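Notes for the one structure printed next.
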Amino acid sequence: MFRCARTLAVCLFLAWPVLPALALSPQSPHAAAANARAAQPEPPQETGFLNRRIEVHGAAYRFQVYLPEEWRRDDRKQWPIILYLHGRGERGSEGMWQTQIGLPQAVRDHPERWPFIIVMPQCPLASYWTDPDMQALALAALDRETTEFRGDPERTYLTGLSLGGYGAWELARLHPQRWAAVAIAASGIFWSYAPERWQQVSTLPAEYARALGRTPVWLFHGADDTLVPPRESELTFEAFKAAGGRIRLWIYEGLKHDCWTRAYNEPELPRWLLAHRRETTPAAEPEQPAFAERRVIPFHPPAIKLTSAHLDSLSGEYCDPKGNVVVAVFRQGDQLYEKNRQGEIAELAAESPSTFFYLNGSSTTRLSFERDSQGRITALVLRDDRREERWERRPQAASR
């Protein structure tokens, strides 16, 4: 027995040099699996909102970058890139609060509108975006993400809201050659924490206008903003207009400080950004002409009057696909009303004979009545900035 075991051990020892080769030979199942694992490509780059870290001047910061779903690491495509600066309420060190409102919210609602890389640094609680070290943080994050994810230097854009708008104005003034276009909401150049800047009201707006030259700028402001008065945007608009700059100012009636939700949901805004490029070649095209546009955007469009007979034709019960009544529409006097399934009543106003809005509701919500080829009302469609719902009209005889 001992002799047999000793003989087996000697044979195994003599065979040892060839065992690894046999184990990894092409015919070995283990070798085939190992080769298959080695041949697998690297996993694709994640897209969406990604957690990032950066160190600037010895301090570490968390921030976010957004990559569109179509972004690919294995192609050579350059992408337009936006630097976004958040407001006072999103300051912190966790690296995520800045994605809750403003541009990131608009991207979540409509990612198809925003084919951009978006860099979203976060300002710590005790700091302001106008601090030099915060400006350095913002630019360092932009530079690193531009390099890693192939941001296009000719399509690099700057935006900010409220406190972030203060910082965006400073970055625009100090580095005007970097930006293809700038968009700022609910902000200005007279910082709320530096009231002495108002002593330069006769000269400061012109300094920014001279620094930016013909860089396109789009300002948004709520007409009833009491935190950052609309006068800040008005003064800057007039300075750019006088200097021959390229500037737009949209004033939203009925909105207070939060005009950014409406501004970033403007379908035209991302298209406007993409329409501008910063020429980086010596043979740049001729300078674009001066442009100044100031618009006051009503909260609701003007309401039109419709006849009682027309309003009666719209009245009725409207049901979901299961036949449950969602809303009942009825006329009272010369006004149309809606009653929902919870019993709440809302007044409707006519934008057109078939389209209505809530008189005391959202500026983006619309109710549209559909008709068949004989002109009979068949359905009611609710649309807002994020959704669409369609409810069939219950036949009049069945609603009695």
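Note on naming: chains are A, B, ... as they come in the structure tokens, residues start from 1 per chain, ligands start from 1 in the order shown.
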
Contact residues around Pro289 (chain A) with only C-alpha atoms at 12 Å, ignoring same-chain residues under 5 positions, as a PyMOL selection string:
chain A and resi 213-216+241+243-247

Select from region 54-109 of chain A every residue with an atom at most 10 Å from any atom of region 137-140 of chain A, then for each give the shortest pair of atoms and their distance in Å to one decimal, using only C-alpha atoms, rows by chain and rising number, as a Markdown table.
```
| residue | atom | partner | partner_atom | distance |
| --- | --- | --- | --- | --- |
| A:Ile54 | CA | A:Ala140 | CA | 8.2 |
| A:Glu55 | CA | A:Leu137 | CA | 8.4 |
| A:Val56 | CA | A:Leu137 | CA | 6.2 |
| A:His57 | CA | A:Leu137 | CA | 8.9 |
| A:Ala59 | CA | A:Leu137 | CA | 9.5 |
| A:Ala60 | CA | A:Leu137 | CA | 9.7 |
| A:Tyr61 | CA | A:Leu137 | CA | 8.3 |
| A:Phe63 | CA | A:Ala138 | CA | 9.8 |
| A:Leu83 | CA | A:Ala138 | CA | 7.7 |
| A:Tyr84 | CA | A:Ala138 | CA | 8.8 |
| A:Leu85 | CA | A:Ala138 | CA | 8.1 |
```

Written selection (all heavy atoms) as a short mmCIF file (atom, residue, chain, number, x, y, z; two decimals), in the first residue's frame:
```cif
data_model
loop_
_atom_site.label_atom_id
_atom_site.label_comp_id
_atom_site.auth_asym_id
_atom_site.auth_seq_id
_atom_site.Cartn_x
_atom_site.Cartn_y
_atom_site.Cartn_z
N ILE A 54 -13.27 65.82 -6.94
CA ILE A 54 -12.14 66.58 -7.45
C ILE A 54 -11.43 67.26 -6.29
O ILE A 54 -12.06 67.59 -5.27
CB ILE A 54 -12.59 67.63 -8.50
CG1 ILE A 54 -11.39 68.17 -9.27
CG2 ILE A 54 -13.39 68.76 -7.84
CD1 ILE A 54 -11.78 69.01 -10.47
N GLU A 55 -10.13 67.45 -6.41
CA GLU A 55 -9.35 68.17 -5.41
C GLU A 55 -8.82 69.44 -6.05
O GLU A 55 -8.20 69.41 -7.12
CB GLU A 55 -8.21 67.30 -4.89
CG GLU A 55 -7.43 67.94 -3.75
CD GLU A 55 -6.42 67.01 -3.10
OE1 GLU A 55 -6.80 65.85 -2.80
OE2 GLU A 55 -5.26 67.43 -2.92
N VAL A 56 -9.06 70.56 -5.39
CA VAL A 56 -8.62 71.87 -5.89
C VAL A 56 -7.93 72.61 -4.75
O VAL A 56 -8.54 72.82 -3.68
CB VAL A 56 -9.81 72.70 -6.42
CG1 VAL A 56 -9.32 74.05 -6.97
CG2 VAL A 56 -10.57 71.93 -7.49
N HIS A 57 -6.69 72.98 -4.94
CA HIS A 57 -5.90 73.70 -3.94
C HIS A 57 -5.92 72.97 -2.59
O HIS A 57 -6.06 73.60 -1.54
CB HIS A 57 -6.42 75.13 -3.76
CG HIS A 57 -6.34 75.94 -5.02
ND1 HIS A 57 -7.10 77.06 -5.23
CD2 HIS A 57 -5.58 75.80 -6.14
CE1 HIS A 57 -6.83 77.57 -6.42
NE2 HIS A 57 -5.90 76.82 -6.99
N ALA A 59 -8.19 71.01 -1.30
CA ALA A 59 -9.52 70.73 -0.75
C ALA A 59 -10.26 69.78 -1.69
O ALA A 59 -10.20 69.93 -2.91
CB ALA A 59 -10.31 72.01 -0.54
N ALA A 60 -10.97 68.81 -1.10
CA ALA A 60 -11.71 67.83 -1.89
C ALA A 60 -13.18 68.23 -1.96
O ALA A 60 -13.77 68.71 -0.98
CB ALA A 60 -11.58 66.44 -1.27
N TYR A 61 -13.78 68.04 -3.15
CA TYR A 61 -15.17 68.40 -3.38
C TYR A 61 -15.87 67.26 -4.12
O TYR A 61 -15.29 66.62 -4.99
CB TYR A 61 -15.29 69.67 -4.22
CG TYR A 61 -14.60 70.88 -3.65
CD1 TYR A 61 -13.28 71.18 -4.01
CD2 TYR A 61 -15.26 71.72 -2.76
CE1 TYR A 61 -12.64 72.30 -3.49
CE2 TYR A 61 -14.63 72.84 -2.24
CZ TYR A 61 -13.32 73.12 -2.60
OH TYR A 61 -12.69 74.24 -2.10
N PHE A 63 -19.11 66.45 -6.68
CA PHE A 63 -19.97 67.15 -7.64
C PHE A 63 -20.61 66.12 -8.56
O PHE A 63 -20.45 64.91 -8.37
CB PHE A 63 -19.19 68.22 -8.41
CG PHE A 63 -18.17 67.70 -9.38
CD1 PHE A 63 -18.45 67.66 -10.74
CD2 PHE A 63 -16.92 67.26 -8.95
CE1 PHE A 63 -17.52 67.19 -11.66
CE2 PHE A 63 -15.97 66.79 -9.85
CZ PHE A 63 -16.28 66.75 -11.20
N LEU A 83 -21.61 74.35 -18.12
CA LEU A 83 -21.27 74.52 -16.71
C LEU A 83 -22.47 75.17 -16.03
O LEU A 83 -22.88 76.27 -16.40
CB LEU A 83 -20.03 75.39 -16.54
CG LEU A 83 -19.66 75.75 -15.09
CD1 LEU A 83 -19.35 74.50 -14.28
CD2 LEU A 83 -18.48 76.73 -15.05
N TYR A 84 -23.04 74.48 -15.03
CA TYR A 84 -24.25 74.94 -14.35
C TYR A 84 -23.93 75.23 -12.89
O TYR A 84 -23.38 74.36 -12.18
CB TYR A 84 -25.33 73.86 -14.44
CG TYR A 84 -26.48 74.04 -13.47
CD1 TYR A 84 -27.45 75.02 -13.68
CD2 TYR A 84 -26.59 73.23 -12.34
CE1 TYR A 84 -28.50 75.18 -12.79
CE2 TYR A 84 -27.64 73.38 -11.45
CZ TYR A 84 -28.59 74.36 -11.67
OH TYR A 84 -29.62 74.52 -10.79
N LEU A 85 -24.28 76.43 -12.42
CA LEU A 85 -24.07 76.82 -11.04
C LEU A 85 -25.42 76.97 -10.34
O LEU A 85 -26.28 77.73 -10.77
CB LEU A 85 -23.29 78.14 -10.97
CG LEU A 85 -21.92 78.16 -11.66
CD1 LEU A 85 -21.22 79.49 -11.40
CD2 LEU A 85 -21.05 76.99 -11.22
#
```

Can you pull out the residues contacting region 387-395 of chain A? Cut-off 9 Å, using only C-alpha atoms, and skip same-chain residues under 3 positions away; I want them as a ChimeraX atom specification.
/A:316-321,323,325-327,377-384,398-399

Selection export as a PDB file, in the first residue's frame, atoms kept: C-alpha atoms:
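Listed below is the output, out-v1.pdb:
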```pdb
ATOM      1  CA  GLY A 316     -70.227  66.636 -20.135  1.00  0.00           C
ATOM      2  CA  GLU A 317     -68.448  63.826 -18.309  1.00  0.00           C
ATOM      3  CA  TYR A 318     -65.066  62.567 -19.455  1.00  0.00           C
ATOM      4  CA  CYS A 319     -63.854  59.062 -18.574  1.00  0.00           C
ATOM      5  CA  ASP A 320     -60.620  57.105 -18.328  1.00  0.00           C
ATOM      6  CA  PRO A 321     -60.131  53.874 -20.374  1.00  0.00           C
ATOM      7  CA  GLY A 323     -65.035  54.046 -17.906  1.00  0.00           C
ATOM      8  CA  VAL A 325     -65.428  59.592 -14.718  1.00  0.00           C
ATOM      9  CA  VAL A 326     -62.269  61.687 -14.275  1.00  0.00           C
ATOM     10  CA  VAL A 327     -63.722  65.168 -14.750  1.00  0.00           C
ATOM     11  CA  ILE A 377     -66.981  66.496 -28.981  1.00  0.00           C
ATOM     12  CA  THR A 378     -65.353  63.089 -28.467  1.00  0.00           C
ATOM     13  CA  ALA A 379     -62.581  63.551 -25.926  1.00  0.00           C
ATOM     14  CA  LEU A 380     -60.741  65.891 -23.576  1.00  0.00           C
ATOM     15  CA  VAL A 381     -56.938  65.917 -23.575  1.00  0.00           C
ATOM     16  CA  LEU A 382     -54.860  67.327 -20.711  1.00  0.00           C
ATOM     17  CA  ARG A 383     -51.300  68.368 -21.549  1.00  0.00           C
ATOM     18  CA  ASP A 384     -48.623  69.972 -19.459  1.00  0.00           C
ATOM     19  CA  ALA A 398     -75.688  57.656 -20.515  1.00  0.00           C
ATOM     20  CA  SER A 399     -74.871  60.595 -18.223  1.00  0.00           C
TER      21      SER A 399
END
```

Best match for closeness to Leu212 (chain A) among A:Ala275, A:Leu235, A:Ala172, A:Leu269, counting only C-alpha atoms:
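Nearest candidate to Leu212 (chain A) out of A:Ala275, A:Leu235, A:Ala172, A:Leu269: A:Ala172.
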
Residues of region 27-264 of chain A in alpha helix (DSSP H), written as JSON, numbers by chain:
{"A": [29, 30, 31, 32, 33, 34, 35, 36, 37, 38, 39, 103, 104, 105, 106, 107, 108, 109, 132, 133, 134, 135, 136, 137, 138, 139, 140, 141, 142, 143, 144, 145, 146, 147, 148, 149, 163, 164, 165, 166, 167, 168, 169, 170, 171, 172, 173, 174, 204, 205, 206, 207, 208, 209, 210, 211, 212, 231, 232, 233, 234, 235, 236, 237, 238, 239, 240, 241, 242, 260, 261, 262, 263, 264]}

All residues 12 Å or closer to His221 (chain A), only C-alpha atoms, same chain fewer than 2 positions away omitted, as a PyMOL selection string
chain A and resi 161-162+165+183-188+218-219+223-234+237+248-264+294-297

Kindly save the residues from that selection, with N, CA and C atoms included, as a short mmCIF file (atom, residue, chain, number, x, y, z; two decimals), in the first residue's frame.
```cif
data_model
loop_
_atom_site.label_atom_id
_atom_site.label_comp_id
_atom_site.auth_asym_id
_atom_site.auth_seq_id
_atom_site.Cartn_x
_atom_site.Cartn_y
_atom_site.Cartn_z
N LEU A 161 -28.40 80.07 -11.72
CA LEU A 161 -29.62 80.68 -11.20
C LEU A 161 -29.36 81.28 -9.83
N SER A 162 -29.97 82.42 -9.56
CA SER A 162 -29.91 83.08 -8.27
C SER A 162 -28.44 83.26 -7.84
N GLY A 165 -26.20 82.48 -10.45
CA GLY A 165 -26.13 83.52 -11.48
C GLY A 165 -25.09 84.56 -11.16
N ALA A 183 -26.56 81.89 -20.18
CA ALA A 183 -27.97 82.02 -19.80
C ALA A 183 -28.05 82.11 -18.28
N ILE A 184 -28.74 83.13 -17.77
CA ILE A 184 -28.79 83.39 -16.33
C ILE A 184 -30.22 83.67 -15.92
N ALA A 185 -30.66 83.04 -14.81
CA ALA A 185 -32.04 83.19 -14.34
C ALA A 185 -32.06 83.75 -12.92
N ALA A 186 -32.95 84.74 -12.69
CA ALA A 186 -33.21 85.27 -11.35
C ALA A 186 -31.95 85.76 -10.66
N SER A 187 -31.13 86.50 -11.36
CA SER A 187 -29.85 86.91 -10.78
C SER A 187 -29.44 88.27 -11.33
N GLY A 188 -28.20 88.66 -11.05
CA GLY A 188 -27.70 89.95 -11.50
C GLY A 188 -26.25 90.12 -11.10
N TRP A 218 -28.63 85.45 -22.47
CA TRP A 218 -30.09 85.39 -22.31
C TRP A 218 -30.39 85.45 -20.82
N LEU A 219 -31.15 86.47 -20.41
CA LEU A 219 -31.53 86.66 -19.01
C LEU A 219 -33.01 86.34 -18.83
N ALA A 223 -41.21 88.87 -12.74
CA ALA A 223 -41.61 90.27 -12.56
C ALA A 223 -41.85 90.63 -11.10
N ASP A 224 -42.22 89.64 -10.27
CA ASP A 224 -42.52 89.90 -8.86
C ASP A 224 -41.43 89.40 -7.94
N ASP A 225 -40.21 89.26 -8.44
CA ASP A 225 -39.08 88.80 -7.64
C ASP A 225 -38.72 89.87 -6.61
N THR A 226 -38.78 89.50 -5.32
CA THR A 226 -38.41 90.44 -4.26
C THR A 226 -37.04 90.13 -3.67
N LEU A 227 -36.46 88.98 -3.99
CA LEU A 227 -35.13 88.63 -3.48
C LEU A 227 -34.02 89.22 -4.35
N VAL A 228 -34.16 89.04 -5.65
CA VAL A 228 -33.25 89.70 -6.61
C VAL A 228 -34.16 90.50 -7.53
N PRO A 229 -34.24 91.81 -7.31
CA PRO A 229 -35.22 92.61 -8.07
C PRO A 229 -34.97 92.56 -9.57
N PRO A 230 -36.03 92.58 -10.37
CA PRO A 230 -35.87 92.57 -11.83
C PRO A 230 -35.03 93.73 -12.35
N ARG A 231 -34.92 94.78 -11.57
CA ARG A 231 -34.11 95.93 -12.00
C ARG A 231 -32.67 95.53 -12.30
N GLU A 232 -32.17 94.50 -11.61
CA GLU A 232 -30.81 94.05 -11.88
C GLU A 232 -30.66 93.61 -13.33
N SER A 233 -31.60 92.80 -13.80
CA SER A 233 -31.54 92.36 -15.20
C SER A 233 -31.83 93.50 -16.16
N GLU A 234 -32.72 94.40 -15.77
CA GLU A 234 -33.05 95.54 -16.63
C GLU A 234 -31.82 96.43 -16.84
N PHE A 237 -29.37 94.64 -19.11
CA PHE A 237 -29.89 94.63 -20.48
C PHE A 237 -29.62 95.97 -21.16
N ARG A 248 -30.75 89.04 -24.67
CA ARG A 248 -32.20 88.85 -24.59
C ARG A 248 -32.59 88.93 -23.11
N LEU A 249 -33.75 89.53 -22.85
CA LEU A 249 -34.29 89.58 -21.50
C LEU A 249 -35.76 89.20 -21.56
N TRP A 250 -36.11 88.12 -20.84
CA TRP A 250 -37.49 87.70 -20.74
C TRP A 250 -37.95 87.90 -19.31
N ILE A 251 -38.99 88.71 -19.14
CA ILE A 251 -39.60 88.97 -17.84
C ILE A 251 -40.89 88.16 -17.76
N TYR A 252 -41.01 87.30 -16.74
CA TYR A 252 -42.20 86.47 -16.58
C TYR A 252 -43.18 87.15 -15.62
N GLU A 253 -44.34 87.52 -16.14
CA GLU A 253 -45.37 88.07 -15.28
C GLU A 253 -45.91 87.00 -14.34
N GLY A 254 -46.21 87.41 -13.11
CA GLY A 254 -46.82 86.50 -12.14
C GLY A 254 -45.84 85.59 -11.43
N LEU A 255 -44.55 85.65 -11.75
CA LEU A 255 -43.57 84.79 -11.09
C LEU A 255 -42.71 85.61 -10.14
N LYS A 256 -42.34 84.97 -9.04
CA LYS A 256 -41.47 85.61 -8.06
C LYS A 256 -40.02 85.17 -8.32
N HIS A 257 -39.31 84.76 -7.25
CA HIS A 257 -37.89 84.46 -7.44
C HIS A 257 -37.68 83.23 -8.32
N ASP A 258 -38.53 82.22 -8.12
CA ASP A 258 -38.37 81.01 -8.93
C ASP A 258 -38.96 81.22 -10.32
N CYS A 259 -38.14 81.81 -11.17
CA CYS A 259 -38.47 81.84 -12.60
C CYS A 259 -37.69 80.79 -13.35
N TRP A 260 -36.75 80.13 -12.66
CA TRP A 260 -35.86 79.19 -13.36
C TRP A 260 -36.58 77.92 -13.82
N THR A 261 -37.61 77.50 -13.09
CA THR A 261 -38.35 76.32 -13.55
C THR A 261 -38.95 76.58 -14.92
N ARG A 262 -39.55 77.76 -15.07
CA ARG A 262 -40.13 78.13 -16.37
C ARG A 262 -39.03 78.34 -17.41
N ALA A 263 -37.94 78.99 -17.00
CA ALA A 263 -36.88 79.31 -17.96
C ALA A 263 -36.23 78.06 -18.53
N TYR A 264 -35.82 77.14 -17.67
CA TYR A 264 -35.13 75.94 -18.16
C TYR A 264 -36.07 74.99 -18.88
N ARG A 294 -36.18 92.47 -25.56
CA ARG A 294 -36.81 92.45 -24.24
C ARG A 294 -38.27 92.06 -24.42
N ARG A 295 -38.67 90.99 -23.73
CA ARG A 295 -40.04 90.51 -23.84
C ARG A 295 -40.64 90.34 -22.45
N VAL A 296 -41.91 90.69 -22.34
CA VAL A 296 -42.67 90.40 -21.13
C VAL A 296 -43.59 89.23 -21.45
N ILE A 297 -43.41 88.12 -20.73
CA ILE A 297 -44.15 86.90 -21.00
C ILE A 297 -45.33 86.82 -20.03
#
```
